[in-house]
$ cat coords14.cif   # mmCIF, C-alpha atoms
data_run
loop_
_atom_site.label_atom_id
_atom_site.label_comp_id
_atom_site.auth_asym_id
_atom_site.auth_seq_id
_atom_site.Cartn_x
_atom_site.Cartn_y
_atom_site.Cartn_z
CA MET A 1 45.67 90.28 108.10
CA ASP A 2 43.84 93.51 108.92
CA CYS A 3 46.37 94.33 111.63
CA LEU A 4 49.19 93.98 109.09
CA MET A 5 47.49 96.12 106.46
CA ASN A 6 46.59 98.81 108.98
CA ALA A 7 50.15 98.95 110.35
CA TRP A 8 51.55 99.01 106.81
CA GLN A 9 49.30 101.88 105.75
CA GLU A 10 50.24 103.87 108.84
CA ASN A 11 53.99 103.30 108.51
CA GLU A 12 54.77 102.98 104.81
CA LEU A 13 55.35 106.72 104.27
CA PRO A 14 57.59 107.18 107.34
CA LEU A 15 59.50 104.03 106.32
CA ARG A 16 59.88 105.33 102.77
CA LYS A 17 61.20 108.69 104.01
CA TRP A 18 63.61 107.05 106.42
CA LEU A 19 64.95 104.61 103.81
CA LEU A 20 65.27 107.41 101.27
CA SER A 21 67.30 109.45 103.75
CA LYS A 22 69.63 106.46 104.17
CA THR A 23 69.98 105.42 100.52
CA GLY A 24 69.13 108.46 98.41
CA GLU A 25 67.83 106.05 95.75
CA PRO A 26 64.05 105.87 95.22
CA SER A 27 64.21 102.63 93.21
CA ARG A 28 66.27 100.97 95.94
CA VAL A 29 63.75 102.16 98.52
CA ASP A 30 60.92 100.58 96.50
CA ASP A 31 62.80 97.28 96.43
CA LEU A 32 63.47 97.39 100.16
CA LEU A 33 59.85 98.22 100.95
CA GLN A 34 58.63 95.39 98.75
CA ASP A 35 60.96 92.92 100.47
CA LEU A 36 59.87 94.20 103.86
CA PHE A 37 56.18 93.84 102.99
CA ILE A 38 56.74 90.28 101.77
CA LYS A 39 58.55 89.40 105.01
CA ALA A 40 55.67 90.84 107.00
CA LEU A 41 53.14 88.87 104.93
CA GLN A 42 55.08 85.64 105.41
CA ASP A 43 55.07 86.16 109.16
CA LYS A 44 51.62 87.78 109.45
CA GLU A 45 50.37 85.62 112.34
CA ARG A 46 53.31 86.54 114.53
CA TYR A 47 53.21 90.09 113.23
CA CYS A 48 49.65 90.60 114.48
CA ARG A 49 50.75 89.60 118.00
CA ILE A 50 53.50 92.24 118.08
CA GLU A 51 52.64 95.13 120.34
CA ASP A 52 54.71 97.79 118.57
CA ALA A 53 54.34 97.19 114.83
CA LYS A 54 56.09 100.43 113.93
CA SER A 55 59.26 99.44 115.81
CA TRP A 56 59.21 96.00 114.22
CA LEU A 57 58.86 97.46 110.72
CA PHE A 58 61.68 99.93 111.24
CA LYS A 59 63.92 97.27 112.74
CA MET A 60 63.25 94.97 109.77
CA ALA A 61 63.90 97.87 107.38
CA LYS A 62 67.20 98.62 109.10
CA ASN A 63 68.24 94.95 108.97
CA SER A 64 67.32 94.71 105.27
CA LEU A 65 69.32 97.84 104.54
CA ILE A 66 72.33 96.44 106.41
CA ASP A 67 72.04 93.09 104.60
CA GLN A 68 71.87 94.81 101.23
CA HIS A 69 74.86 96.97 102.11
CA ARG A 70 76.93 93.95 103.20
CA LYS A 71 76.05 92.12 100.00
CA SER A 72 77.15 95.07 97.86
CA LEU A 73 80.43 95.33 99.82
CA LEU A 74 81.14 91.65 99.22
CA GLU A 75 80.45 92.04 95.51
CA MET A 76 82.65 95.13 95.32
CA GLY A 77 85.41 93.29 97.18
CA GLU A 78 85.30 90.42 94.70
CA ILE A 79 85.47 92.83 91.76
CA ALA A 80 88.29 94.80 93.37
CA GLU A 81 90.23 91.63 94.10
CA GLU A 82 89.92 90.52 90.46
CA ASN A 83 91.04 93.96 89.26
CA ILE A 84 93.99 94.05 91.66
CA ASN A 85 95.27 90.52 91.12
CA ALA A 86 95.59 90.56 87.32
CA PRO A 87 98.22 93.35 87.15
CA ILE A 88 100.12 91.88 90.09
CA VAL A 89 100.36 88.45 88.49
CA ASN A 90 101.50 90.00 85.20
CA LEU A 91 104.03 92.12 87.03
CA GLN A 92 105.46 89.18 88.99
CA HIS A 93 106.23 87.28 85.77
CA CYS A 94 107.76 90.29 84.12
CA LEU A 95 109.76 91.40 87.18
CA LYS A 96 111.75 88.15 87.17
CA LYS A 97 112.68 88.70 83.54
CA VAL A 98 113.54 92.37 84.01
CA LEU A 99 115.76 91.70 87.03
CA LEU A 100 117.85 89.36 84.90
CA GLU A 101 118.30 92.17 82.35
CA LEU A 102 119.94 94.46 84.95
CA ASP A 103 123.68 94.35 85.44
CA ASP A 104 124.99 92.25 88.32
CA ASP A 105 125.65 95.17 90.71
CA ASP A 106 122.15 96.64 90.23
CA ARG A 107 120.47 93.25 90.55
CA HIS A 108 122.51 92.45 93.69
CA ILE A 109 121.61 95.65 95.56
CA ILE A 110 117.90 95.46 94.62
CA ASP A 111 117.74 91.78 95.52
CA SER A 112 119.51 92.32 98.85
CA CYS A 113 117.86 95.53 100.05
CA ASP A 114 114.45 95.65 98.35
CA MET A 115 113.58 92.01 97.84
CA ASN A 116 115.17 90.49 100.96
CA GLY A 117 114.90 93.43 103.36
CA MET A 118 118.57 93.93 104.14
CA GLN A 119 119.33 97.29 105.73
CA GLN A 120 121.31 99.64 103.50
CA ALA A 121 123.91 100.12 106.25
CA GLU A 122 124.42 96.37 106.46
CA PHE A 123 124.72 96.14 102.66
CA ALA A 124 127.30 98.94 102.72
CA SER A 125 129.34 97.19 105.39
CA LEU A 126 129.25 93.78 103.66
CA ASN A 127 130.23 95.26 100.30
CA GLY A 128 132.89 97.73 101.45
CA LEU A 129 130.85 100.83 100.55
CA SER A 130 129.94 103.98 102.41
CA LEU A 131 126.30 104.42 103.34
CA SER A 132 125.94 107.40 100.99
CA ALA A 133 127.43 105.37 98.09
CA THR A 134 124.98 102.56 98.87
CA LYS A 135 122.05 104.97 98.89
CA SER A 136 123.13 106.42 95.53
CA ARG A 137 123.59 102.96 94.01
CA ILE A 138 120.20 101.72 95.13
CA GLN A 139 118.50 104.84 93.76
CA ARG A 140 120.23 104.38 90.39
CA ALA A 141 119.36 100.66 90.36
CA ARG A 142 115.72 101.40 91.18
CA SER A 143 115.61 103.99 88.41
CA LYS A 144 117.00 101.46 85.91
CA LEU A 145 114.51 98.84 87.15
CA ARG A 146 111.65 101.29 86.74
CA ASP A 147 112.75 102.14 83.19
CA GLN A 148 113.01 98.44 82.32
CA LEU A 149 109.56 97.75 83.78
CA VAL A 150 108.09 100.53 81.67
CA SER A 151 109.76 99.38 78.47
CA SER A 152 109.58 95.59 78.89
CA CYS A 153 106.37 95.14 80.84
CA ALA A 154 104.31 98.14 79.71
CA VAL A 155 104.03 99.20 83.36
CA LYS A 156 102.19 102.46 83.95
CA PHE A 157 102.65 104.55 87.04
CA GLU A 158 100.25 106.88 88.82
CA GLY A 159 102.72 109.02 90.73
CA GLU A 160 104.97 106.51 92.49
CA THR A 161 102.37 103.72 92.44
CA ILE A 162 102.09 101.08 89.75
CA CYS A 163 98.58 101.16 88.35
CA CYS A 164 98.77 98.46 85.72
CA SER A 165 101.04 96.25 83.67
CA LYS A 166 100.88 93.98 80.70
CA ALA A 167 103.76 91.84 79.54
CA LYS A 168 104.65 92.91 76.04
CA GLN A 169 104.42 90.26 73.37
CA SER A 170 107.55 89.58 71.33
CA ASN A 171 105.86 91.18 68.30
CA ASP A 172 105.20 94.38 70.33
CA ILE A 173 108.91 95.20 70.44
#
$ encode --input "coords14.cif" --output "structure tokens"
Amino acid sequence: MDCLMNAWQENELPLRKWLLSKTGEPSRVDDLLQDLFIKALQDKERYCRIEDAKSWLFKMAKNSLIDQHRKSLLEMGEIAEENINAPIVNLQHCLKKVLLELDDDDRHIIDSCDMNGMQQAEFASLNGLSLSATKSRIQRARSKLRDQLVSSCAVKFEGETICCSKAKQSNDI
């Protein structure tokens, strides 16, 4: 036990400084140091046989920091996934409804080119249109779709990206 306490006293300050340089958060450093000390205490017999205690402590500190970082990334990913999925699900339901509200020509070009990936040149050829007419039609149809999404689904845009949506209730209209 003396070997552990001696090594801890010699290395706690350098460990604290190193962890602080990595995290920038004193309270997080305290937590990491406490966890590290507990690990060392739990393995004190093996710890006293280690020739380079300083290296072992720093390696354990690095591993703890990595583990904590991975855990926070997983938690952030779960939160982000929840935040991303809700608007998408709402939008999917509303998009079906809004597409039916468009006129047949607009719905046909959006369905063919945007939803099913048909090339605009192919659409033009199949429908007896010039490529420039097809490009104009799809832009007009997209504009109408966007307007309908805003009015019917309460879609909000950040630039060209949809940030959120909420299907309007019938009493909202």
$ atom_distance --input "coords14.cif" --atom1 "atom CA of Ala124 of chain A" --atom2 "atom CA of Asp106 of chain A"
13.7 Å
$ residues_around --input "coords14.cif" --residues "segment 48-65 of chain A" --least-positions-apart "3" --cutoff "8 Å" --atoms "all atoms listed in the file" --output "MDAnalysis selection string"
chainID A and resid 1 3:4 7 11 15 19 32:33 36 44:45 68:69
$ atom_distance --input "coords14.cif" --atom1 "atom CA of Leu102 of chain A" --atom2 "atom CA of Lys156 of chain A"
19.5 Å
$ closest_atom_pairs --input "coords14.cif" --of "segment 18-133 of chain A" --to "segment 145-148 of chain A" --cutoff "10 Å" --atoms "only C-alpha atoms" --output "CSV"
residue,atom,partner,partner_atom,distance
A:Cys94,CA,A:Gln148,CA,9.9
A:Leu95,CA,A:Leu145,CA,8.8
A:Lys97,CA,A:Gln148,CA,9.8
A:Val98,CA,A:Gln148,CA,6.3
A:Leu99,CA,A:Leu145,CA,7.2
A:Glu101,CA,A:Gln148,CA,8.2
A:Leu102,CA,A:Leu145,CA,7.3
A:Asp106,CA,A:Leu145,CA,8.5
A:Arg107,CA,A:Leu145,CA,8.9
A:Ile110,CA,A:Leu145,CA,8.9
$ closest_residue --input "coords14.cif" --among "A:Lys17, A:Ser136, A:Asp105, A:Leu100" --to "Leu149 of chain A" --atoms "only C-alpha atoms"
A:Leu100
$ atom_distance --input "coords14.cif" --atom1 "atom CA of Gln139 of chain A" --atom2 "atom CA of Cys153 of chain A"
20.2 Å
$ closest_residue --input "coords14.cif" --among "A:Asp103, A:Asp67, A:Gln120, A:Leu129" --to "Asp35 of chain A" --atoms "all atoms listed in the file"
A:Asp67
$ closest_residue --input "coords14.cif" --among "A:Lys96, A:Arg142, A:Arg137, A:Arg46" --to "Asp114 of chain A" --atoms "all atoms listed in the file"
A:Arg142
